[in-house]
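Engineer: Handing over model_31.cif, mmCIF, C-alpha atoms.
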```
data_my_file
loop_
_atom_site.group_PDB
_atom_site.id
_atom_site.type_symbol
_atom_site.label_atom_id
_atom_site.label_comp_id
_atom_site.auth_asym_id
_atom_site.auth_seq_id
_atom_site.Cartn_x
_atom_site.Cartn_y
_atom_site.Cartn_z
ATOM 1 C CA MET A 1 -3.536 18.397 -27.862
ATOM 2 C CA LEU A 2 -0.382 17.135 -26.143
ATOM 3 C CA ARG A 3 -0.133 20.237 -23.997
ATOM 4 C CA GLY A 4 -3.781 19.906 -22.968
ATOM 5 C CA PHE A 5 -3.297 16.248 -22.129
ATOM 6 C CA ILE A 6 -0.227 16.961 -19.986
ATOM 7 C CA PHE A 7 -2.093 19.776 -18.217
ATOM 8 C CA ARG A 8 -5.087 17.562 -17.423
ATOM 9 C CA PHE A 9 -2.954 14.570 -16.417
ATOM 10 C CA SER A 10 -0.840 16.687 -14.036
ATOM 11 C CA GLY A 11 -3.996 18.280 -12.661
ATOM 12 C CA LEU A 12 -5.428 14.893 -11.762
ATOM 13 C CA LEU A 13 -2.190 13.968 -9.987
ATOM 14 C CA VAL A 14 -1.746 17.272 -8.152
ATOM 15 C CA LEU A 15 -5.342 17.924 -7.069
ATOM 16 C CA PRO A 16 -5.359 14.954 -4.635
ATOM 17 C CA ILE A 17 -2.269 16.399 -2.921
ATOM 18 C CA PHE A 18 -4.187 19.556 -2.029
ATOM 19 C CA LEU A 19 -7.244 17.553 -1.046
ATOM 20 C CA ALA A 20 -5.132 15.305 1.195
ATOM 21 C CA LEU A 21 -3.458 18.324 2.804
ATOM 22 C CA GLY A 22 -6.859 19.954 3.323
ATOM 23 C CA HIS A 23 -8.197 16.741 4.806
ATOM 24 C CA LEU A 24 -5.231 16.516 7.169
ATOM 25 C CA ALA A 25 -5.568 20.148 8.200
ATOM 26 C CA PHE A 26 -9.295 19.725 8.783
ATOM 27 C CA SER A 27 -9.017 16.506 10.771
ATOM 28 C CA GLY A 28 -6.124 17.712 12.899
ATOM 29 C CA TRP A 29 -2.670 17.399 11.455
ATOM 30 C CA LEU A 30 -0.888 14.216 12.359
ATOM 31 C CA PRO A 31 2.745 14.195 11.369
ATOM 32 C CA PRO A 32 4.125 11.266 9.405
ATOM 33 C CA PRO A 33 5.666 8.524 11.530
ATOM 34 C CA LYS A 34 8.807 9.654 13.231
ATOM 35 C CA ASP A 35 11.124 7.623 15.341
ATOM 36 C CA LEU A 36 10.197 8.493 18.890
ATOM 37 C CA THR A 37 11.526 6.689 21.910
ATOM 38 C CA LEU A 38 8.729 4.466 23.070
ATOM 39 C CA GLU A 39 10.207 3.198 26.301
ATOM 40 C CA ALA A 40 7.985 5.421 28.436
ATOM 41 C CA ASP A 41 4.845 4.481 26.527
ATOM 42 C CA LEU A 42 5.663 0.798 26.761
ATOM 43 C CA LYS A 43 6.183 1.070 30.506
ATOM 44 C CA LEU A 44 2.937 2.990 30.817
ATOM 45 C CA MET A 45 1.066 0.237 29.059
ATOM 46 C CA GLY A 46 2.742 -2.349 31.248
ATOM 47 C CA ILE A 47 3.856 -4.411 28.320
ATOM 48 C CA LEU A 48 7.595 -4.338 28.886
ATOM 49 C CA GLY A 49 7.393 -7.328 31.182
ATOM 50 C CA ALA A 50 4.603 -8.996 29.230
ATOM 51 C CA LEU A 51 4.716 -12.438 27.722
ATOM 52 C CA TRP A 52 4.259 -12.131 23.968
ATOM 53 C CA VAL A 53 2.456 -14.889 22.126
ATOM 54 C CA ASP A 54 2.900 -15.200 18.376
ATOM 55 C CA ALA A 55 -0.255 -16.755 16.888
ATOM 56 C CA ARG A 56 1.041 -16.938 13.325
ATOM 57 C CA GLU A 57 2.019 -20.124 11.517
ATOM 58 C CA GLU A 58 5.430 -21.535 12.409
ATOM 59 C CA PRO A 59 7.266 -20.541 9.174
ATOM 60 C CA LEU A 60 6.255 -16.907 9.702
ATOM 61 C CA PHE A 61 7.276 -17.096 13.354
ATOM 62 C CA LEU A 62 10.655 -18.479 12.356
ATOM 63 C CA SER A 63 11.147 -15.739 9.775
ATOM 64 C CA GLY A 64 10.810 -13.068 12.460
ATOM 65 C CA HIS A 65 8.995 -12.440 15.737
ATOM 66 C CA VAL A 66 8.929 -10.243 18.805
ATOM 67 C CA PRO A 67 12.014 -11.201 20.823
ATOM 68 C CA GLY A 68 11.122 -13.568 23.634
ATOM 69 C CA SER A 69 7.720 -14.454 22.206
ATOM 70 C CA VAL A 70 6.252 -17.956 22.241
ATOM 71 C CA ASN A 71 4.705 -19.442 19.103
ATOM 72 C CA LEU A 72 1.236 -20.721 19.995
ATOM 73 C CA THR A 73 -1.439 -21.427 17.393
ATOM 74 C CA ARG A 74 -4.500 -23.666 17.217
ATOM 75 C CA LYS A 75 -2.443 -26.139 15.184
ATOM 76 C CA ASN A 76 0.491 -26.450 17.599
ATOM 77 C CA TRP A 77 -1.567 -25.767 20.724
ATOM 78 C CA ASP A 78 -0.961 -29.141 22.412
ATOM 79 C CA LYS A 79 2.706 -29.217 21.450
ATOM 80 C CA ASN A 80 3.613 -25.672 22.499
ATOM 81 C CA LEU A 81 1.363 -25.125 25.509
ATOM 82 C CA PRO A 82 4.028 -26.539 27.884
ATOM 83 C CA VAL A 83 6.559 -24.083 26.377
ATOM 84 C CA PHE A 84 4.079 -21.268 26.990
ATOM 85 C CA PHE A 85 3.747 -22.218 30.665
ATOM 86 C CA GLU A 86 7.535 -22.471 30.997
ATOM 87 C CA HIS A 87 7.737 -18.789 30.117
ATOM 88 C CA TYR A 88 4.608 -17.605 31.891
ATOM 89 C CA GLY A 89 4.922 -16.003 35.319
ATOM 90 C CA GLU A 90 2.048 -15.582 37.793
ATOM 91 C CA GLY A 91 -0.004 -12.465 37.027
ATOM 92 C CA GLN A 92 2.000 -11.642 33.922
ATOM 93 C CA THR A 93 0.305 -9.711 31.095
ATOM 94 C CA ILE A 94 -0.053 -11.788 27.940
ATOM 95 C CA ILE A 95 -0.089 -10.033 24.583
ATOM 96 C CA VAL A 96 -1.164 -12.087 21.597
ATOM 97 C CA TYR A 97 -0.458 -11.003 18.048
ATOM 98 C CA CYS A 98 -0.724 -12.383 14.546
ATOM 99 C CA SER A 99 -0.539 -10.569 11.203
ATOM 100 C CA VAL A 100 -2.377 -7.357 10.492
ATOM 101 C CA GLY A 101 -5.987 -8.061 9.583
ATOM 102 C CA CYS A 102 -5.965 -11.679 10.778
ATOM 103 C CA HIS A 103 -8.233 -13.320 13.357
ATOM 104 C CA GLU A 104 -5.945 -15.928 14.844
ATOM 105 C CA SER A 105 -4.702 -13.734 17.716
ATOM 106 C CA THR A 106 -8.273 -13.224 18.971
ATOM 107 C CA VAL A 107 -8.963 -16.960 18.790
ATOM 108 C CA VAL A 108 -5.733 -17.878 20.587
ATOM 109 C CA ALA A 109 -6.335 -15.126 23.178
ATOM 110 C CA ALA A 110 -9.784 -16.608 23.832
ATOM 111 C CA LYS A 111 -8.292 -20.070 24.290
ATOM 112 C CA ILE A 112 -5.729 -18.705 26.745
ATOM 113 C CA ARG A 113 -8.548 -16.989 28.624
ATOM 114 C CA GLU A 114 -10.324 -20.322 28.830
ATOM 115 C CA LEU A 115 -7.293 -21.641 30.721
ATOM 116 C CA GLY A 116 -8.181 -19.188 33.480
ATOM 117 C CA LEU A 117 -5.574 -16.533 32.704
ATOM 118 C CA GLU A 118 -7.272 -13.144 32.836
ATOM 119 C CA ASN A 119 -4.804 -10.495 31.725
ATOM 120 C CA VAL A 120 -4.829 -11.360 28.024
ATOM 121 C CA GLN A 121 -4.618 -8.674 25.371
ATOM 122 C CA VAL A 122 -4.538 -8.605 21.593
ATOM 123 C CA LEU A 123 -2.085 -6.414 19.718
ATOM 124 C CA GLU A 124 -3.951 -4.280 17.205
ATOM 125 C CA GLY A 125 -2.238 -4.226 13.859
ATOM 126 C CA GLY A 126 -0.407 -7.479 14.628
ATOM 127 C CA TYR A 127 3.248 -8.148 13.983
ATOM 128 C CA GLU A 128 3.335 -5.425 11.326
ATOM 129 C CA ALA A 129 2.321 -2.810 13.910
ATOM 130 C CA TRP A 130 5.106 -4.019 16.152
ATOM 131 C CA SER A 131 7.664 -4.247 13.366
ATOM 132 C CA VAL A 132 7.051 -0.707 12.152
ATOM 133 C CA SER A 133 7.677 0.425 15.714
ATOM 134 C CA ARG A 134 11.096 -1.137 15.996
ATOM 135 C CA PRO A 135 14.315 0.644 15.068
ATOM 136 C CA SER A 136 14.663 1.058 11.341
ATOM 137 C CA LYS A 137 18.377 0.410 11.546
ATOM 138 C CA ALA A 138 19.470 -3.088 12.329
ATOM 139 C CA GLY A 139 20.271 -3.403 15.971
ATOM 140 C CA GLU A 140 19.717 -5.689 18.863
ATOM 141 C CA LEU A 141 16.414 -5.354 20.636
ATOM 142 C CA ARG A 142 16.381 -5.803 24.361
ATOM 143 C CA ARG A 143 13.441 -6.892 26.474
ATOM 144 C CA ASP A 144 13.862 -3.889 28.778
ATOM 145 C CA GLY A 145 12.681 -1.655 25.965
ATOM 146 C CA GLU A 146 15.962 0.124 25.403
ATOM 147 C CA GLY A 147 16.406 0.749 21.723
ATOM 148 C CA LEU A 148 12.715 0.241 20.998
ATOM 149 C CA LYS A 149 11.268 3.007 18.914
ATOM 150 C CA ALA A 150 7.933 3.652 17.321
ATOM 151 C CA ASN A 151 6.093 6.107 15.217
ATOM 152 C CA SER A 152 3.686 8.606 16.674
ATOM 153 C CA ASN A 153 0.664 6.587 15.505
ATOM 154 C CA PHE A 154 1.466 3.725 17.823
ATOM 155 C CA GLU A 155 -1.175 4.812 20.342
ATOM 156 C CA SER A 156 -3.941 3.981 17.906
ATOM 157 C CA ARG A 157 -2.540 0.489 17.521
ATOM 158 C CA ASN A 158 -1.697 -0.328 21.112
ATOM 159 C CA PRO A 159 -2.817 -3.546 22.725
ATOM 160 C CA LYS A 160 -6.496 -3.468 23.551
ATOM 161 C CA GLN A 161 -8.524 -5.545 25.908
ATOM 162 C CA ILE A 162 -10.970 -7.910 24.269
ATOM 163 C CA PRO A 163 -14.208 -7.350 26.158
ATOM 164 C CA ASN A 164 -16.202 -9.894 24.168
ATOM 165 C CA LEU A 165 -14.097 -12.606 25.718
ATOM 166 C CA LYS A 166 -15.830 -12.141 29.057
ATOM 167 C CA SER A 167 -18.510 -14.504 27.853
ATOM 168 C CA ASN A 168 -15.870 -17.256 27.807
ATOM 169 C CA GLU A 169 -15.274 -16.864 31.515
ATOM 170 C CA THR A 170 -18.889 -17.408 32.381
ATOM 171 C CA GLN A 171 -19.209 -20.537 30.299
ATOM 172 C CA MET B 172 -21.071 -2.212 -29.154
ATOM 173 C CA LEU B 173 -17.630 -0.836 -28.250
ATOM 174 C CA GLU B 174 -19.258 2.311 -26.936
ATOM 175 C CA ARG B 175 -21.436 0.260 -24.597
ATOM 176 C CA LEU B 176 -18.388 -1.671 -23.409
ATOM 177 C CA GLU B 177 -16.623 1.627 -22.819
ATOM 178 C CA TRP B 178 -19.464 2.908 -20.672
ATOM 179 C CA GLY B 179 -19.553 -0.400 -18.819
ATOM 180 C CA ALA B 180 -15.838 -0.101 -18.069
ATOM 181 C CA VAL B 181 -16.300 3.520 -16.952
ATOM 182 C CA LEU B 182 -19.098 2.552 -14.569
ATOM 183 C CA VAL B 183 -17.253 -0.449 -13.112
ATOM 184 C CA LEU B 184 -13.916 1.347 -12.645
ATOM 185 C CA SER B 185 -15.449 4.574 -11.322
ATOM 186 C CA GLY B 186 -17.774 2.732 -8.978
ATOM 187 C CA LEU B 187 -15.025 0.548 -7.562
ATOM 188 C CA PHE B 188 -12.512 3.351 -7.126
ATOM 189 C CA LEU B 189 -15.010 5.797 -5.636
ATOM 190 C CA TYR B 190 -16.079 3.125 -3.167
ATOM 191 C CA ALA B 191 -12.472 2.135 -2.369
ATOM 192 C CA GLY B 192 -11.463 5.783 -1.946
ATOM 193 C CA VAL B 193 -14.271 6.555 0.498
ATOM 194 C CA ILE B 194 -13.676 3.380 2.547
ATOM 195 C CA LYS B 195 -9.951 4.132 2.816
ATOM 196 C CA LEU B 196 -10.550 7.775 3.699
ATOM 197 C CA LEU B 197 -12.776 6.711 6.571
ATOM 198 C CA ASP B 198 -9.876 4.828 8.166
ATOM 199 C CA THR B 199 -6.535 6.072 6.897
ATOM 200 C CA ASP B 200 -4.771 4.548 9.934
ATOM 201 C CA GLN B 201 -5.906 1.081 8.880
ATOM 202 C CA PHE B 202 -4.938 1.750 5.269
ATOM 203 C CA TYR B 203 -1.493 2.853 6.478
ATOM 204 C CA LEU B 204 -1.125 -0.475 8.316
ATOM 205 C CA ASP B 205 -2.324 -2.360 5.245
ATOM 206 C CA ILE B 206 0.356 -0.656 3.135
ATOM 207 C CA GLN B 207 2.947 -1.401 5.814
ATOM 208 C CA SER B 208 1.994 -5.067 5.850
ATOM 209 C CA TYR B 209 3.352 -5.384 2.292
ATOM 210 C CA ARG B 210 6.789 -4.436 3.697
ATOM 211 C CA ILE B 211 7.750 -2.593 0.515
ATOM 212 C CA THR B 212 7.725 1.084 1.458
ATOM 213 C CA PRO B 213 9.341 2.907 4.394
ATOM 214 C CA ASP B 214 7.088 4.217 7.204
ATOM 215 C CA GLU B 215 6.943 7.799 6.029
ATOM 216 C CA LEU B 216 6.174 6.948 2.403
ATOM 217 C CA SER B 217 3.430 4.543 3.528
ATOM 218 C CA TRP B 218 1.901 7.293 5.658
ATOM 219 C CA TRP B 219 1.816 9.783 2.793
ATOM 220 C CA ALA B 220 0.508 7.120 0.402
ATOM 221 C CA ALA B 221 -2.277 6.260 2.867
ATOM 222 C CA HIS B 222 -3.433 9.878 2.742
ATOM 223 C CA TYR B 223 -2.815 10.552 -0.954
ATOM 224 C CA LEU B 224 -4.064 7.395 -2.701
ATOM 225 C CA PRO B 225 -7.703 7.553 -1.493
ATOM 226 C CA TRP B 226 -8.017 11.103 -2.843
ATOM 227 C CA LEU B 227 -6.345 10.103 -6.111
ATOM 228 C CA GLU B 228 -8.854 7.264 -6.471
ATOM 229 C CA LEU B 229 -11.761 9.645 -5.801
ATOM 230 C CA VAL B 230 -10.539 12.362 -8.173
ATOM 231 C CA ALA B 231 -9.750 9.903 -10.972
ATOM 232 C CA GLY B 232 -13.074 8.122 -10.355
ATOM 233 C CA VAL B 233 -14.991 11.356 -10.920
ATOM 234 C CA ALA B 234 -12.751 12.438 -13.827
ATOM 235 C CA LEU B 235 -13.518 9.242 -15.706
ATOM 236 C CA PHE B 236 -17.044 10.579 -16.321
ATOM 237 C CA LEU B 237 -15.706 13.753 -17.940
ATOM 238 C CA PRO B 238 -14.878 13.091 -21.629
ATOM 239 C CA LYS B 239 -11.898 15.455 -21.713
ATOM 240 C CA PHE B 240 -10.389 13.860 -18.600
ATOM 241 C CA ARG B 241 -11.122 10.244 -19.499
ATOM 242 C CA LEU B 242 -7.751 9.495 -21.073
ATOM 243 C CA PRO B 243 -5.595 10.823 -18.202
ATOM 244 C CA ALA B 244 -7.937 9.204 -15.638
ATOM 245 C CA ALA B 245 -7.767 5.849 -17.454
ATOM 246 C CA LEU B 246 -3.968 6.120 -17.552
ATOM 247 C CA ILE B 247 -3.926 6.777 -13.801
ATOM 248 C CA PHE B 248 -6.150 3.740 -13.213
ATOM 249 C CA ALA B 249 -3.886 1.605 -15.386
ATOM 250 C CA GLY B 250 -0.858 2.827 -13.429
ATOM 251 C CA LEU B 251 -2.524 2.200 -10.078
ATOM 252 C CA MET B 252 -3.683 -1.284 -11.055
ATOM 253 C CA SER B 253 -0.183 -2.146 -12.289
ATOM 254 C CA VAL B 254 1.336 -1.030 -8.984
ATOM 255 C CA PHE B 255 -1.323 -2.868 -6.923
ATOM 256 C CA THR B 256 -0.858 -6.057 -8.944
ATOM 257 C CA LEU B 257 2.934 -5.938 -8.603
ATOM 258 C CA ALA B 258 2.613 -5.333 -4.846
ATOM 259 C CA LEU B 259 0.273 -8.328 -4.532
ATOM 260 C CA LEU B 260 2.595 -10.554 -6.561
ATOM 261 C CA SER B 261 5.515 -9.426 -4.428
ATOM 262 C CA ALA B 262 3.632 -10.205 -1.184
ATOM 263 C CA TRP B 263 2.492 -13.554 -2.592
ATOM 264 C CA SER B 264 6.008 -14.525 -3.630
ATOM 265 C CA ARG B 265 7.271 -13.741 -0.113
ATOM 266 C CA GLY B 266 4.465 -15.757 1.488
ATOM 267 C CA LEU B 267 3.128 -12.802 3.462
ATOM 268 C CA ASP B 268 -0.073 -13.448 5.372
ATOM 269 C CA ILE B 269 -1.916 -10.167 4.818
ATOM 270 C CA SER B 270 -5.284 -8.676 4.019
ATOM 271 C CA CYS B 271 -4.976 -6.847 0.697
ATOM 272 C CA GLY B 272 -6.282 -3.514 1.986
ATOM 273 C CA CYS B 273 -7.943 -2.944 -1.368
ATOM 274 C CA PHE B 274 -11.271 -1.898 0.106
ATOM 275 C CA GLY B 275 -10.341 -0.808 3.589
ATOM 276 C CA SER B 276 -10.028 -3.020 6.630
ATOM 277 C CA SER B 277 -10.704 -6.686 6.167
ATOM 278 C CA THR B 278 -10.244 -9.606 8.496
ATOM 279 C CA ALA B 279 -10.087 -12.061 5.626
ATOM 280 C CA GLU B 280 -6.693 -13.339 4.586
ATOM 281 C CA ALA B 281 -5.603 -12.479 1.086
ATOM 282 C CA ASN B 282 -6.781 -14.970 -1.517
ATOM 283 C CA TYR B 283 -3.880 -14.204 -3.818
ATOM 284 C CA PRO B 284 -4.959 -16.000 -7.022
ATOM 285 C CA TRP B 285 -8.384 -14.329 -6.937
ATOM 286 C CA LEU B 286 -6.935 -10.896 -6.096
ATOM 287 C CA VAL B 287 -4.372 -11.062 -8.888
ATOM 288 C CA VAL B 288 -6.999 -12.168 -11.421
ATOM 289 C CA ARG B 289 -9.343 -9.376 -10.269
ATOM 290 C CA ASP B 290 -6.597 -6.741 -10.480
ATOM 291 C CA LEU B 291 -5.539 -7.943 -13.920
ATOM 292 C CA GLY B 292 -9.167 -7.728 -15.055
ATOM 293 C CA LEU B 293 -9.400 -4.142 -13.829
ATOM 294 C CA LEU B 294 -6.059 -3.350 -15.464
ATOM 295 C CA LEU B 295 -7.384 -4.697 -18.772
ATOM 296 C CA MET B 296 -10.496 -2.523 -18.410
ATOM 297 C CA ALA B 297 -8.352 0.563 -17.790
ATOM 298 C CA LEU B 298 -6.155 -0.284 -20.805
ATOM 299 C CA PHE B 299 -9.269 -0.761 -22.933
ATOM 300 C CA LEU B 300 -10.400 2.736 -21.957
ATOM 301 C CA VAL B 301 -6.956 4.123 -22.778
ATOM 302 C CA TRP B 302 -7.099 2.408 -26.182
ATOM 303 C CA ARG B 303 -10.577 3.841 -26.825
ATOM 304 C CA GLN B 304 -9.570 7.349 -25.846
ATOM 305 C CA ILE B 305 -6.154 7.641 -27.373
ATOM 306 C CA PRO B 306 -6.262 9.838 -30.492
ATOM 307 C CA PRO B 307 -4.296 9.164 -33.682
ATOM 308 C CA ALA B 308 -0.609 9.939 -33.201
ATOM 309 C CA THR B 309 -0.783 12.927 -35.529
ATOM 310 C CA CYS B 310 -3.419 14.552 -33.325
ATOM 311 C CA PHE B 311 -1.069 14.660 -30.377
ATOM 312 C CA PHE B 312 1.103 17.284 -32.008
ATOM 313 C CA SER B 313 -1.634 19.188 -33.747
ATOM 314 C CA ARG B 314 -4.339 21.581 -32.619
ATOM 315 C CA ARG B 315 -6.779 20.361 -35.261
ATOM 316 C CA CYS B 316 -8.028 17.278 -33.429
#
```
Go ahead and render the structure in this file as structure tokens.

Structural biologist:
Amino acid sequence: MLRGFIFRFSGLLVLPIFLALGHLAFSGWLPPPKDLTLEADLKLMGILGALWVDAREEPLFLSGHVPGSVNLTRKNWDKNLPVFFEHYGEGQTIIVYCSVGCHESTVVAAKIRELGLENVQVLEGGYEAWSVSRPSKAGELRRDGEGLKANSNFESRNPKQIPNLKSNETQ
Amino acid sequence: MLERLEWGAVLVLSGLFLYAGVIKLLDTDQFYLDIQSYRITPDELSWWAAHYLPWLELVAGVALFLPKFRLPAALIFAGLMSVFTLALLSAWSRGLDISCGCFGSSTAEANYPWLVVRDLGLLLMALFLVWRQIPPATCFFSRRC
């Protein structure tokens, strides 16, 4: 009885490993995240010189954010908009992020678009996507991208344009 | 009566886990990000978990219908629900603003009290199934049962 139970229990735990490996092999093997230098990718996407906007609540912003980012939410919009414009340079790309799975970045990006600024993007995967792309060891991050690293899945979570915001421009 | 409850628990747990497994398999990248948002596991472990857990949920969901596999499957469900509940409590205690990732991608923020209650309910169901399936202690070391 005990032997049979152990056999069946192990089988249920091991079978998914083979299924997962088969699934990976079938769908095109993607290696687990590895630290790859992302400087080139960041330059390619033109986000090294971008202005980052953190659309999360202030306590979360204070507990950690993309270096150089400005905290701008619907709640503190009036208070922090002048700070945003202090940092903003003509024609600069703006990348808005919040937490993974949240909506606030899209809302804030739409509001920025309404101000007449066109090059606004939303970071897919939010702050978590960015934070998993930074060096795992503690170290200073620099705005020029040196020292920034990411895993190989970053491409699927890169900033994307928000086409549905075009309707805001026509209003 | 208990037998009906047992079948009810089997249907609810299997249905939920089969659904959750399929949804997660359809977008393992999103599930990987959901795991990462808990900030508990390192990148590589999250990546493997994002590919392994959906299959485990599917396999255990099917196994729950097979009488001989019901006990190990119920134990796996109990283990999974314990881990999910602890992860939720950990995220809640740290004030993380996340979507739970329980059923694939969701734009809704985590409603922690509801999620914890739901997970505890599922954990109780899994433990009920374990209790119903577990044989007398003497059977474990005997071939007679």

Engineer: Of the candidates A:Gly116, A:Gln92, A:Phe61, A:Cys102, which shows the shortest atom-to-atom distance to chain B, using only C-alpha atoms?

Structural biologist: A:Cys102

Engineer: How many Å separate atom CA of Lys195 of chain B from atom CA of Pro225 of chain B?

Structural biologist: 5.9 Å

Engineer: At a cut-off of 9 Å, using only C-alpha atoms, what residues contact Ala249 of chain B? Leave out same-chain residues fewer than 4 positions from it and give the result as a PyMOL selection string.

Structural biologist: chain B and resi 244-245+253-254+293-298+301

Engineer: Report the distance between atom CA of Asn76 of chain A and atom CA of Ser105 of chain A in Å, rounded to one decimal place.

Structural biologist: 13.7 Å

Engineer: Run through the PyMOL selection byres ((chain B and resi 283) around 8) on the given coordinates and return the selected residues as a ChimeraX atom specification.

Structural biologist: /B:259-260,263,281-282,284-287
